[in-house]
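The file entry.cif contains mmCIF, C-alpha atoms and all ligand atoms:
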```
data_protein
loop_
_atom_site.label_atom_id
_atom_site.label_comp_id
_atom_site.auth_asym_id
_atom_site.auth_seq_id
_atom_site.Cartn_x
_atom_site.Cartn_y
_atom_site.Cartn_z
CA MET A 53 -19.13 -2.77 339.55
CA PRO A 54 -17.78 -2.39 343.08
CA PRO A 55 -14.37 -0.67 343.13
CA THR A 56 -11.40 -3.05 343.11
CA PRO A 57 -10.07 -3.13 346.67
CA THR A 58 -6.58 -1.66 346.93
CA PRO A 59 -4.65 -2.79 349.99
CA ILE A 60 -2.84 0.18 351.50
CA PRO A 61 0.77 -0.42 352.49
CA THR A 62 2.13 1.10 355.66
CA PRO A 63 3.80 4.48 355.12
CA ARG A 64 7.22 2.82 355.67
CA ALA A 65 6.51 0.15 353.07
CA ALA A 66 5.12 2.74 350.69
CA ALA A 67 8.29 4.81 351.00
CA ALA A 68 10.65 1.82 350.61
CA LYS A 69 12.55 1.42 347.34
CA ALA A 70 13.50 -2.03 346.12
CA TYR A 71 17.22 -2.70 345.78
CA THR A 72 18.25 -2.32 342.14
CA PRO A 73 20.78 -4.97 341.17
CA PRO A 74 23.19 -4.24 338.32
CA PRO A 75 21.38 -4.85 335.01
CA PRO A 76 21.63 -8.37 333.58
CA VAL A 77 24.44 -8.90 331.08
CA GLY A 78 25.34 -11.62 328.62
CA PRO A 79 27.34 -14.69 329.70
CA ASP A 80 30.53 -13.38 328.08
CA VAL A 81 30.58 -10.14 330.03
CA LEU A 82 33.14 -9.85 332.82
CA ARG A 83 31.08 -8.82 335.84
CA LEU A 84 32.99 -6.54 338.17
CA ASP A 85 29.90 -4.77 339.48
CA ALA A 86 28.95 -6.59 342.70
CA ASN A 87 32.18 -7.09 344.71
CA GLU A 88 31.84 -10.86 344.53
CA GLY A 89 34.76 -13.20 345.09
CA PRO A 90 36.10 -15.79 342.65
CA ALA A 91 34.10 -18.99 342.13
CA PRO A 92 35.34 -22.26 343.61
CA THR A 93 36.89 -24.58 341.04
CA PRO A 94 34.58 -27.29 339.61
CA GLU A 95 36.57 -29.85 341.65
CA ALA A 96 36.12 -27.87 344.86
CA LEU A 97 32.41 -27.49 344.10
CA ALA A 98 32.03 -31.24 343.52
CA ALA A 99 33.77 -31.94 346.84
CA LEU A 100 31.44 -29.51 348.62
CA CYS A 101 28.32 -30.99 347.05
CA ALA A 102 29.42 -34.49 348.03
CA ARG A 103 28.62 -33.44 351.61
CA LEU A 104 24.92 -33.03 350.85
CA THR A 105 22.65 -35.91 351.87
CA PRO A 106 18.94 -36.58 351.35
CA ASP A 107 18.42 -35.43 354.92
CA THR A 108 19.96 -32.04 354.07
CA LEU A 109 16.85 -31.47 351.98
CA ARG A 110 14.30 -33.14 354.24
CA ARG A 111 15.14 -31.56 357.58
CA TYR A 112 14.66 -28.00 358.74
CA PRO A 113 18.03 -26.26 358.76
CA ASP A 114 20.09 -26.11 361.96
CA THR A 115 22.67 -23.32 362.20
CA ARG A 116 24.42 -24.67 365.30
CA ALA A 117 27.22 -26.63 363.62
CA LEU A 118 28.22 -23.62 361.54
CA GLU A 119 27.94 -21.29 364.54
CA HIS A 120 30.24 -23.58 366.53
CA ALA A 121 32.76 -23.65 363.67
CA LEU A 122 32.72 -19.86 363.41
CA ALA A 123 33.04 -19.48 367.19
CA ALA A 124 36.14 -21.69 367.10
CA ARG A 125 37.64 -19.52 364.32
CA PHE A 126 37.27 -16.38 366.42
CA ASN A 127 38.04 -18.11 369.70
CA ILE A 128 34.74 -17.09 371.29
CA SER A 129 31.79 -18.98 372.75
CA PRO A 130 29.04 -20.11 370.34
CA ASP A 131 26.44 -17.92 372.07
CA ARG A 132 28.32 -14.97 370.58
CA VAL A 133 27.62 -16.08 366.98
CA LEU A 134 24.44 -15.87 364.89
CA VAL A 135 24.37 -17.18 361.32
CA THR A 136 22.18 -15.04 359.03
CA ALA A 137 21.03 -14.89 355.41
CA GLY A 138 24.03 -12.89 354.31
CA GLY A 139 25.39 -9.83 356.09
CA ASP A 140 22.25 -8.13 354.79
CA GLU A 141 19.96 -10.01 357.13
CA ALA A 142 22.29 -9.37 360.07
CA ILE A 143 22.01 -5.63 359.40
CA ASP A 144 18.23 -5.96 359.17
CA ARG A 145 18.15 -7.75 362.54
CA VAL A 146 20.28 -5.05 364.19
CA CYS A 147 17.86 -2.41 362.89
CA ARG A 148 14.79 -4.36 364.03
CA ALA A 149 16.25 -4.93 367.48
CA TYR A 150 17.66 -1.48 368.21
CA LEU A 151 15.86 1.07 366.02
CA GLU A 152 12.31 2.43 366.06
CA PRO A 153 10.62 5.77 365.46
CA GLY A 154 12.33 8.40 367.59
CA ARG A 155 15.67 6.60 367.57
CA GLU A 156 18.60 7.59 365.35
CA LEU A 157 21.20 5.78 363.29
CA ILE A 158 24.43 7.66 362.55
CA LEU A 159 25.68 6.58 359.14
CA PRO A 160 28.92 7.96 357.67
CA SER A 161 28.06 8.26 353.96
CA PRO A 162 28.31 7.27 351.21
CA SER A 163 28.02 3.73 352.47
CA PHE A 164 26.32 0.41 351.88
CA GLU A 165 22.79 1.42 350.94
CA MET A 166 20.96 -1.43 352.70
CA ILE A 167 21.89 0.00 356.11
CA ARG A 168 19.83 3.11 355.43
CA THR A 169 17.02 1.02 353.93
CA TYR A 170 16.69 -1.28 356.95
CA ALA A 171 16.87 1.68 359.34
CA ALA A 172 14.03 3.37 357.45
CA LEU A 173 11.96 0.17 357.54
CA ALA A 174 12.43 0.15 361.31
CA GLY A 175 11.06 3.70 361.41
CA ALA A 176 14.28 5.32 362.62
CA THR A 177 15.89 8.54 361.47
CA THR A 178 19.24 8.25 359.70
CA ILE A 179 21.75 10.99 360.44
CA GLU A 180 24.29 11.02 357.61
CA VAL A 181 27.80 12.30 358.20
CA PRO A 182 29.94 12.86 355.10
CA TRP A 183 32.79 10.35 354.79
CA TRP A 184 35.20 10.90 351.90
CA THR A 185 38.48 10.63 353.82
CA PRO A 186 40.50 7.38 353.99
CA THR A 187 40.00 7.44 357.79
CA TYR A 188 36.75 7.33 359.80
CA PRO A 189 35.13 10.77 360.35
CA LEU A 190 35.34 10.42 364.13
CA ASP A 191 34.85 14.04 365.18
CA PRO A 192 31.76 14.68 363.02
CA VAL A 193 30.25 11.38 364.20
CA LEU A 194 30.92 12.27 367.85
CA ALA A 195 29.30 15.67 367.22
CA ALA A 196 26.21 13.95 365.75
CA ILE A 197 25.56 11.82 368.86
CA THR A 198 22.35 12.70 370.73
CA PRO A 199 20.33 10.98 373.48
CA ARG A 200 18.34 9.41 370.58
CA THR A 201 21.40 7.77 368.99
CA ALA A 202 20.75 4.02 369.11
CA VAL A 203 23.09 2.66 366.41
CA ILE A 204 26.36 4.01 365.01
CA ALA A 205 27.52 2.43 361.76
CA VAL A 206 31.22 1.63 361.37
CA VAL A 207 31.52 0.05 357.93
CA SER A 208 35.17 -0.84 357.59
CA PRO A 209 36.34 -1.20 354.87
CA ASN A 210 33.52 1.02 353.70
CA ASN A 211 31.55 0.25 350.54
CA PRO A 212 31.88 2.01 348.11
CA THR A 213 34.86 4.15 349.16
CA GLY A 214 37.14 1.49 350.67
CA ALA A 215 38.01 3.70 353.66
CA THR A 216 38.57 2.19 357.12
CA ALA A 217 38.10 2.84 360.83
CA THR A 218 40.45 1.91 363.69
CA ALA A 219 40.20 0.30 367.11
CA ALA A 220 40.76 3.78 368.60
CA ASP A 221 37.65 5.00 366.73
CA LEU A 222 35.63 2.15 368.27
CA ARG A 223 36.90 3.01 371.75
CA ALA A 224 36.03 6.70 371.32
CA LEU A 225 32.55 5.91 369.97
CA ALA A 226 31.81 3.43 372.76
CA ALA A 227 32.92 5.94 375.39
CA ALA A 228 30.82 8.76 373.91
CA ALA A 229 27.67 6.68 373.32
CA PRO A 230 27.83 3.71 375.72
CA ASN A 231 24.18 2.77 375.14
CA ALA A 232 24.35 2.79 371.36
CA VAL A 233 25.10 -0.33 369.32
CA LEU A 234 28.28 -0.07 367.26
CA LEU A 235 27.35 -1.76 363.99
CA VAL A 236 30.78 -2.87 362.79
CA ASP A 237 30.22 -4.04 359.23
CA ALA A 238 33.32 -6.04 358.36
CA ALA A 239 32.08 -7.56 355.08
CA TYR A 240 35.44 -6.78 353.43
CA ALA A 241 37.69 -7.28 356.48
CA GLU A 242 39.71 -10.09 354.88
CA PHE A 243 41.11 -7.67 352.28
CA ALA A 244 42.17 -4.95 354.75
CA ASP A 245 45.50 -4.32 356.46
CA ASN A 246 43.70 -4.35 359.81
CA ASP A 247 40.67 -6.39 360.77
CA LEU A 248 38.56 -4.57 363.40
CA THR A 249 36.88 -7.78 364.58
CA PRO A 250 39.13 -8.57 367.59
CA ALA A 251 38.93 -4.98 368.85
CA ALA A 252 35.15 -4.90 368.34
CA LEU A 253 34.70 -8.18 370.21
CA GLU A 254 36.20 -6.49 373.28
CA ARG A 255 33.44 -3.86 373.26
CA PRO A 256 30.18 -5.06 374.83
CA SER A 257 28.09 -2.75 372.63
CA ALA A 258 29.61 -3.82 369.30
CA ILE A 259 28.00 -6.19 366.82
CA VAL A 260 30.36 -7.35 364.07
CA ILE A 261 28.84 -8.36 360.75
CA ARG A 262 30.75 -10.64 358.42
CA THR A 263 29.94 -12.62 355.32
CA LEU A 264 31.00 -15.52 353.12
CA SER A 265 29.92 -13.50 350.06
CA LYS A 266 33.18 -11.65 349.42
CA ALA A 267 36.59 -13.22 350.14
CA TRP A 268 34.97 -16.65 350.40
CA GLY A 269 33.27 -16.28 347.01
CA LEU A 270 29.89 -17.68 348.14
CA ALA A 271 27.47 -14.79 347.60
CA GLY A 272 24.91 -17.11 346.00
CA LEU A 273 24.64 -19.19 349.18
CA ARG A 274 23.49 -16.19 351.28
CA VAL A 275 25.51 -16.94 354.40
CA GLY A 276 26.64 -14.21 356.74
CA TYR A 277 26.96 -13.92 360.50
CA ALA A 278 26.90 -11.54 363.43
CA LEU A 279 29.35 -11.68 366.35
CA GLY A 280 28.91 -9.89 369.64
CA ASN A 281 28.18 -10.22 373.31
CA PRO A 282 25.66 -12.97 374.13
CA ASP A 283 22.84 -10.59 375.18
CA LEU A 284 22.99 -8.66 371.93
CA ILE A 285 23.22 -11.84 369.86
CA ALA A 286 20.21 -13.29 371.74
CA ARG A 287 18.20 -10.19 370.77
CA LEU A 288 19.19 -10.56 367.13
CA ARG A 289 18.21 -14.23 367.22
CA ALA A 290 14.76 -13.32 368.54
CA VAL A 291 13.75 -10.67 366.00
CA ALA A 292 13.39 -12.78 362.85
CA GLY A 293 12.42 -16.22 361.66
CA PRO A 294 14.19 -19.40 362.78
CA PHE A 295 15.26 -20.72 359.36
CA PRO A 296 16.60 -17.86 357.26
CA VAL A 297 19.39 -19.86 355.59
CA ALA A 298 18.74 -23.00 353.53
CA ALA A 299 20.23 -26.24 354.86
CA THR A 300 22.12 -26.72 351.58
CA SER A 301 23.80 -23.35 352.08
CA LEU A 302 24.69 -24.14 355.69
CA ALA A 303 26.22 -27.48 354.71
CA LEU A 304 28.23 -26.06 351.79
CA ALA A 305 29.39 -23.09 353.85
CA ALA A 306 30.56 -25.27 356.75
CA GLN A 307 32.49 -27.52 354.40
CA ARG A 308 34.07 -24.58 352.56
CA LEU A 309 35.12 -22.99 355.87
CA ALA A 310 36.75 -26.26 356.89
CA THR A 311 38.64 -26.77 353.61
CA GLY A 312 38.92 -23.46 351.72
CA GLN A 313 41.23 -21.27 353.80
CA ALA A 314 44.19 -21.67 351.42
CA ASP A 315 42.00 -20.57 348.48
CA VAL A 316 40.84 -17.53 350.44
CA ASP A 317 44.43 -16.62 351.32
CA ARG A 318 45.35 -16.80 347.63
CA THR A 319 42.34 -14.68 346.66
CA VAL A 320 43.19 -12.03 349.21
CA ALA A 321 46.86 -11.86 348.15
CA LEU A 322 45.86 -11.56 344.51
CA VAL A 323 43.21 -8.90 345.17
CA ARG A 324 45.66 -6.82 347.17
CA ARG A 325 48.15 -6.85 344.27
CA GLU A 326 45.42 -6.08 341.72
CA ARG A 327 44.10 -3.26 343.89
CA GLU A 328 47.48 -1.53 343.85
CA GLU A 329 47.95 -2.05 340.16
CA LEU A 330 44.44 -0.87 339.34
CA ALA A 331 44.89 2.32 341.37
CA ARG A 332 48.13 3.03 339.48
CA LEU A 333 46.51 2.34 336.13
CA LEU A 334 43.46 4.52 336.85
CA THR A 335 45.64 7.41 337.99
CA SER A 336 47.85 7.12 334.91
CA LEU A 337 44.72 7.25 332.75
CA GLY A 338 43.43 10.45 334.37
CA ALA A 339 40.83 9.01 336.78
CA ALA A 340 40.89 9.69 340.54
CA PRO A 341 40.82 6.41 342.52
CA LEU A 342 39.95 6.52 346.23
CA PRO A 343 42.42 4.63 348.44
CA SER A 344 40.69 1.30 349.12
CA GLN A 345 41.07 -1.54 351.57
CA GLY A 346 38.29 -3.62 350.00
CA ASN A 347 38.24 -5.94 346.97
CA PHE A 348 37.26 -2.98 344.77
CA ILE A 349 38.28 0.50 343.82
CA THR A 350 35.93 3.41 343.40
CA ALA A 351 37.21 6.21 341.22
CA ARG A 352 35.97 9.56 339.97
CA PHE A 353 35.88 9.96 336.20
CA ALA A 354 35.44 13.02 334.01
CA ALA A 355 32.48 11.31 332.31
CA ALA A 356 31.46 8.31 334.41
CA ALA A 357 28.31 7.46 332.42
CA SER A 358 30.11 7.21 329.09
CA VAL A 359 33.06 5.33 330.62
CA HIS A 360 30.56 2.85 332.08
CA ALA A 361 28.85 2.39 328.71
CA ALA A 362 32.15 2.07 326.81
CA LEU A 363 33.45 -0.55 329.26
CA LEU A 364 30.22 -2.51 328.87
CA ALA A 365 30.54 -2.34 325.09
CA ARG A 366 34.00 -3.89 325.58
CA GLY A 367 32.50 -6.68 327.70
CA VAL A 368 33.27 -5.38 331.21
CA SER A 369 30.49 -4.43 333.64
CA VAL A 370 31.37 -2.09 336.52
CA ARG A 371 29.11 -0.43 339.08
CA ARG A 372 27.35 2.88 338.55
CA PHE A 373 25.44 4.62 341.32
CA SER A 374 22.08 6.36 341.26
CA SER A 375 22.83 8.73 344.16
CA PRO A 376 23.88 12.23 343.03
CA ALA A 377 26.91 12.21 345.38
CA LEU A 378 28.34 9.30 343.39
CA SER A 379 27.15 10.16 339.89
CA GLU A 380 30.73 10.79 338.70
CA HIS A 381 32.11 7.65 340.32
CA LEU A 382 32.35 4.03 339.21
CA ARG A 383 33.21 1.07 341.42
CA ILE A 384 35.33 -1.70 339.97
CA THR A 385 35.67 -5.08 341.67
CA CYS A 386 39.16 -6.60 341.56
CA PRO A 387 38.59 -9.85 339.65
CA ALA A 388 41.09 -12.03 341.57
CA SER A 389 42.16 -13.58 338.27
CA PRO A 390 45.22 -12.61 336.21
CA ALA A 391 43.40 -13.25 332.91
CA ASP A 392 40.37 -11.18 333.91
CA PHE A 393 42.60 -8.44 335.29
CA SER A 394 44.35 -8.20 331.88
CA ARG A 395 40.95 -7.95 330.23
CA LEU A 396 39.90 -5.19 332.62
CA SER A 397 43.18 -3.29 332.14
CA ALA A 398 42.90 -3.43 328.35
CA ALA A 399 39.25 -2.26 328.40
CA LEU A 400 40.06 0.61 330.78
CA THR A 401 43.12 1.67 328.81
CA GLN A 402 41.26 1.68 325.49
CA THR A 403 38.20 3.43 326.95
CA LEU A 404 40.02 6.14 328.85
CA THR A 405 42.54 6.80 326.09
CA GLU A 406 39.61 7.18 323.69
CA THR A 407 37.56 9.48 325.97
CA ARG A 408 40.61 11.70 326.62
CA ARG A 409 41.38 12.11 322.94
CA PRO A 410 40.54 15.69 321.84
C1 LIG A 501 29.48 -3.20 353.36
C2 LIG A 501 28.61 -4.36 353.08
N1 LIG A 501 28.02 -4.99 354.09
C3 LIG A 501 27.23 -6.04 353.90
C4 LIG A 501 27.01 -6.53 352.64
C5 LIG A 501 26.07 -7.68 352.51
O1 LIG A 501 26.59 -8.75 351.86
P1 LIG A 501 25.88 -10.17 351.94
O2 LIG A 501 24.44 -9.94 352.30
O3 LIG A 501 26.06 -10.77 350.60
O4 LIG A 501 26.60 -10.90 353.02
C6 LIG A 501 27.61 -5.94 351.54
C7 LIG A 501 27.37 -6.43 350.16
O5 LIG A 501 27.71 -5.86 349.18
C8 LIG A 501 28.43 -4.81 351.76
O6 LIG A 501 29.03 -4.17 350.75
#
```
Could I get this structure in the form of structure tokens?
Amino acid sequence: MPPTPTPIPTPRAAAAKAYTPPPPVGPDVLRLDANEGPAPTPEALAALCARLTPDTLRRYPDTRALEHALAARFNISPDRVLVTAGGDEAIDRVCRAYLEPGRELILPSPSFEMIRTYAALAGATTIEVPWWTPTYPLDPVLAAITPRTAVIAVVSPNNPTGATATAADLRALAAAAPNAVLLVDAAYAEFADNDLTPAALERPSAIVIRTLSKAWGLAGLRVGYALGNPDLIARLRAVAGPFPVAATSLALAAQRLATGQADVDRTVALVRREREELARLLTSLGAAPLPSQGNFITARFAAAASVHAALLARGVSVRRFSSPALSEHLRITCPASPADFSRLSAALTQTLTETRRP
């Protein structure tokens, strides 16, 4: 018998680890483990779906209408907007366009894990700078800049800590590394006191990444976008396929953008109130919440693994992390629903009262 041929992956592919989603849970479990936004009402969904036509399915997708709508929102020209398959794909495109072996990404960490993954797939070296403060670690990042620095990540609000950067940080980074791309990941910008997008759009080396997955509650559609100067956006457009987002998603997203702003405003107001209340509750129960500007709170617990399991047993799923730096932390998404927030509060109170009992 000849040996079975075994295709050999490239070293980068061999080293890559697949993203591990939170484990599946039953339909009755309250899922606060993925920082998603609230679902549209059934009526809103029906109104969105009424926009679909047979041609939506038959034709190849065209992102231009959505890109024009987004450009109008940010008061910029459409050649400064690229619609992508979630913020994820925008990050991937930045890494493909600006990273390669011998180039470096500076990534304040912990942060959104896909940034490191895409940088590794592009063959670049990631230089991690610790980031546990509520403000961006500007001086350590400046100190990490070398002639090989090609991308500097500014994830604000940061996932999972909820910390933020400022326009002054962007100015200082751009001045210190004028040839590096500032990857301004603003996936949670709607929930923050300050949105860095306008300041980033003034910097020719910045690419802003945004998404409809969070405040807009449309993670299942996979619609995100990159904003930046036309030359950078043209590069991002060139480094991947022409039809990354399904036409159904583009149509539903465009309609939701046109009609859903009031719902988003309500979501954001509710999340901001829940975020404050959750931080107070966690502190009163002996956990250590990090100050957050996102739609989530990450907190350190005396026994994170057993708190996670006990919450799940009470029907609430929150996020655990595999990285050792976060092994004592859990991330809890604000549900944007008074009923679900009561459920979360009761489960946390029972669990933490129980685990603290001698
Ligand atoms: C900081 C950050 N950026 C980008 C994303 C990507 O989101 P999506 O691909 O759903 O737009 C996420 C998702 O969790 C995130 O936390």
Would you mind listing the residues within 8 Å of ligand LIG 501 (chain A), counting all atoms listed in the file, as a JSON list (two decimals) with C-alpha atoms, in the coordinates of the input?
```json
[["chain", "number", "residue", "atom", "x", "y", "z"],
["A", 86, "ALA", "CA", 28.95, -6.59, 342.70],
["A", 87, "ASN", "CA", 32.18, -7.09, 344.71],
["A", 88, "GLU", "CA", 31.84, -10.86, 344.53],
["A", 137, "ALA", "CA", 21.03, -14.89, 355.41],
["A", 138, "GLY", "CA", 24.03, -12.89, 354.31],
["A", 139, "GLY", "CA", 25.39, -9.83, 356.09],
["A", 140, "ASP", "CA", 22.25, -8.13, 354.79],
["A", 141, "GLU", "CA", 19.96, -10.01, 357.13],
["A", 143, "ILE", "CA", 22.01, -5.63, 359.40],
["A", 163, "SER", "CA", 28.02, 3.73, 352.47],
["A", 164, "PHE", "CA", 26.32, 0.41, 351.88],
["A", 166, "MET", "CA", 20.96, -1.43, 352.70],
["A", 207, "VAL", "CA", 31.52, 0.05, 357.93],
["A", 208, "SER", "CA", 35.17, -0.84, 357.59],
["A", 209, "PRO", "CA", 36.34, -1.20, 354.87],
["A", 210, "ASN", "CA", 33.52, 1.02, 353.70],
["A", 211, "ASN", "CA", 31.55, 0.25, 350.54],
["A", 212, "PRO", "CA", 31.88, 2.01, 348.11],
["A", 237, "ASP", "CA", 30.22, -4.04, 359.23],
["A", 238, "ALA", "CA", 33.32, -6.04, 358.36],
["A", 239, "ALA", "CA", 32.08, -7.56, 355.08],
["A", 240, "TYR", "CA", 35.44, -6.78, 353.43],
["A", 261, "ILE", "CA", 28.84, -8.36, 360.75],
["A", 262, "ARG", "CA", 30.75, -10.64, 358.42],
["A", 263, "THR", "CA", 29.94, -12.62, 355.32],
["A", 264, "LEU", "CA", 31.00, -15.52, 353.12],
["A", 265, "SER", "CA", 29.92, -13.50, 350.06],
["A", 266, "LYS", "CA", 33.18, -11.65, 349.42],
["A", 271, "ALA", "CA", 27.47, -14.79, 347.60],
["A", 272, "GLY", "CA", 24.91, -17.11, 346.00],
["A", 274, "ARG", "CA", 23.49, -16.19, 351.28],
["A", 275, "VAL", "CA", 25.51, -16.94, 354.40],
["A", 276, "GLY", "CA", 26.64, -14.21, 356.74]]
```
ask   = Quick one: residues within 10 Å of range 228-235 of chain A, all atoms listed in the file counted, chain neighbours fewer than 2 positions away excluded, as an NGL selection string?
value = :A and (142-143 or 146-147 or 150-151 or 156-159 or 167 or 194-195 or 197-207 or 222-226 or 237-238 or 252 or 255-261 or 278 or 284)
Write out, as a Markdown table, each residue of range 153-266 of chain A that has an atom at most 10 Å from range 356-379 of chain A, together with the closest pair of atoms and their distance in Å to one decimal, counting all atoms listed in the file, rows going by chain and rising number.
```
| residue | atom | partner | partner_atom | distance |
| --- | --- | --- | --- | --- |
| A:Ser161 | CA | A:Ala377 | CA | 9.5 |
| A:Pro162 | CA | A:Ala377 | CA | 7.8 |
| A:Glu165 | CA | A:Ser375 | CA | 10.0 |
| A:Pro212 | CA | A:Leu378 | CA | 9.4 |
```
request  = List the residues sitting within 8 Å of (14.0, 5.8, 363.4) in the file's frame, using all atoms listed in the file, as JSON, numbers by chain.
outcome  = {"A": [151, 152, 153, 154, 155, 156, 157, 171, 172, 174, 175, 176, 177, 178]}
task = Using all atoms listed in the file, find the one residue out of A:Glu242, A:Glu326, A:Asp144, A:Asp131 that sits nearest to Asp283 in chain A.
result =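 Once distances to Asp283 in chain A are computed over all atoms listed in the file, the minimum belongs to A:Asp131.
One distance worth recording is that between CA of Arg145 in chain A and CA of Tyr71 in chain A, which is 17.5 Å.
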ask   = Which residue gives the smallest distance to Arg327 in chain A among A:Ala310, A:Phe353, A:Phe295, A:Pro387, with all atoms listed in the file counted?
value = A:Pro387
request  = Mind checking which residues fall within 9 Å of Leu342 in chain A, counting only C-alpha atoms, ignoring those fewer than 2 positions away in the same chain, and posting them as a ChimeraX atom specification?
outcome  = /A:184-186,213-215,331,340,344,349-352
ask   = So how far away is CA of Leu190 in chain A from CA of Thr335 in chain A, in Å?
value =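 For CA of Thr335 in chain A relative to CA of Leu190 in chain A, the distance reads 28.3 Å.
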query = Between A:Ala196, A:Gly293, A:Leu304, A:Pro54, which has the minimum distance to Ala102 in chain A (counting all atoms listed in the file)?
reply =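 Result for the nearest residue to Ala102 in chain A: A:Leu304.
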Using all atoms listed in the file, what table do you get, as a tab-separated table, when you list each residue of range 290-402 of chain A with an atom no more than 12 Å from range 110-121 of chain A, its nearest pair of atoms, and their distance in Å rounded to one decimal, rows by chain then rising number?
```
residue	atom	partner	partner_atom	distance
A:Gly293	CA	A:Pro113	CA	11.9
A:Pro294	CA	A:Pro113	CA	8.8
A:Phe295	CA	A:Pro113	CA	6.2
A:Pro296	CA	A:Pro113	CA	8.7
A:Val297	CA	A:Pro113	CA	7.3
A:Ala298	CA	A:Pro113	CA	6.2
A:Ala299	CA	A:Pro113	CA	4.5
A:Thr300	CA	A:Pro113	CA	8.3
A:Ser301	CA	A:Pro113	CA	9.3
A:Leu302	CA	A:Leu118	CA	6.9
A:Ala303	CA	A:Leu118	CA	8.1
A:Leu304	CA	A:Leu118	CA	10.1
A:Ala305	CA	A:Leu118	CA	7.8
A:Ala306	CA	A:Leu118	CA	5.6
A:Gln307	CA	A:Leu118	CA	9.2
A:Arg308	CA	A:Leu118	CA	10.8
A:Leu309	CA	A:Ala121	CA	8.2
A:Ala310	CA	A:Ala121	CA	8.3
```
query = Between A:Ala292, A:Ala65, A:Val323, A:Ala123, which is the closest to Phe393 in chain A once you count all atoms listed in the file?
reply =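 Among the listed residues, the smallest separation from Phe393 in chain A belongs to A:Val323.
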Expected residue set, 8 Å radius at (43.8, -4.4, 335.7), only C-alpha atoms, as a VMD selection string = chain A and resid 326 329 to 330 333 386 392 to 398 400
inquiry  = Using all atoms listed in the file for the distances, tell me which of A:Ala227, A:Val193, A:Val236, A:Ala70 is nearest to Leu173 in chain A.
reply    =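 Nearest to Leu173 in chain A: A:Ala70.
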request  = Record the distance separating CA of Pro282 in chain A and CA of Val135 in chain A, expressed in Å with one decimal.
outcome  = 13.5 Å
Model the absent atoms of range 141-145 of chain A so that all heavy atoms are present, and write the result as a JSON list (two decimals), keeping the file's coordinate frame.
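Listed below is the output, result_26.json:
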```json
[["chain", "number", "residue", "atom", "x", "y", "z"],
["A", 141, "GLU", "N", 20.99, -9.68, 356.14],
["A", 141, "GLU", "CA", 19.96, -10.01, 357.13],
["A", 141, "GLU", "C", 20.44, -9.68, 358.54],
["A", 141, "GLU", "O", 19.64, -9.34, 359.41],
["A", 141, "GLU", "CB", 19.56, -11.48, 357.03],
["A", 141, "GLU", "CG", 18.19, -11.73, 357.66],
["A", 141, "GLU", "CD", 18.12, -12.99, 358.48],
["A", 141, "GLU", "OE1", 19.08, -13.79, 358.48],
["A", 141, "GLU", "OE2", 17.09, -13.18, 359.15],
["A", 142, "ALA", "N", 21.77, -9.76, 358.76],
["A", 142, "ALA", "CA", 22.29, -9.37, 360.07],
["A", 142, "ALA", "C", 22.05, -7.88, 360.31],
["A", 142, "ALA", "O", 21.67, -7.46, 361.41],
["A", 142, "ALA", "CB", 23.78, -9.72, 360.16],
["A", 143, "ILE", "N", 22.26, -7.08, 359.27],
["A", 143, "ILE", "CA", 22.01, -5.63, 359.40],
["A", 143, "ILE", "C", 20.53, -5.39, 359.70],
["A", 143, "ILE", "O", 20.16, -4.60, 360.57],
["A", 143, "ILE", "CB", 22.43, -4.89, 358.11],
["A", 143, "ILE", "CG1", 23.93, -5.04, 357.87],
["A", 143, "ILE", "CG2", 22.06, -3.41, 358.19],
["A", 143, "ILE", "CD1", 24.39, -4.59, 356.48],
["A", 144, "ASP", "N", 19.67, -6.10, 358.96],
["A", 144, "ASP", "CA", 18.23, -5.96, 359.17],
["A", 144, "ASP", "C", 17.88, -6.28, 360.63],
["A", 144, "ASP", "O", 17.12, -5.57, 361.30],
["A", 144, "ASP", "CB", 17.50, -6.91, 358.22],
["A", 144, "ASP", "CG", 15.99, -6.75, 358.26],
["A", 144, "ASP", "OD1", 15.51, -5.71, 358.74],
["A", 144, "ASP", "OD2", 15.28, -7.67, 357.82],
["A", 145, "ARG", "N", 18.47, -7.35, 361.15],
["A", 145, "ARG", "CA", 18.15, -7.75, 362.54],
["A", 145, "ARG", "C", 18.62, -6.69, 363.53],
["A", 145, "ARG", "O", 17.95, -6.42, 364.53],
["A", 145, "ARG", "CB", 18.78, -9.10, 362.85],
["A", 145, "ARG", "CG", 18.09, -10.25, 362.15],
["A", 145, "ARG", "CD", 18.69, -11.57, 362.61],
["A", 145, "ARG", "NE", 18.17, -12.69, 361.84],
["A", 145, "ARG", "CZ", 17.60, -13.78, 362.38],
["A", 145, "ARG", "NH1", 17.49, -13.89, 363.68],
["A", 145, "ARG", "NH2", 17.16, -14.76, 361.61]]
```
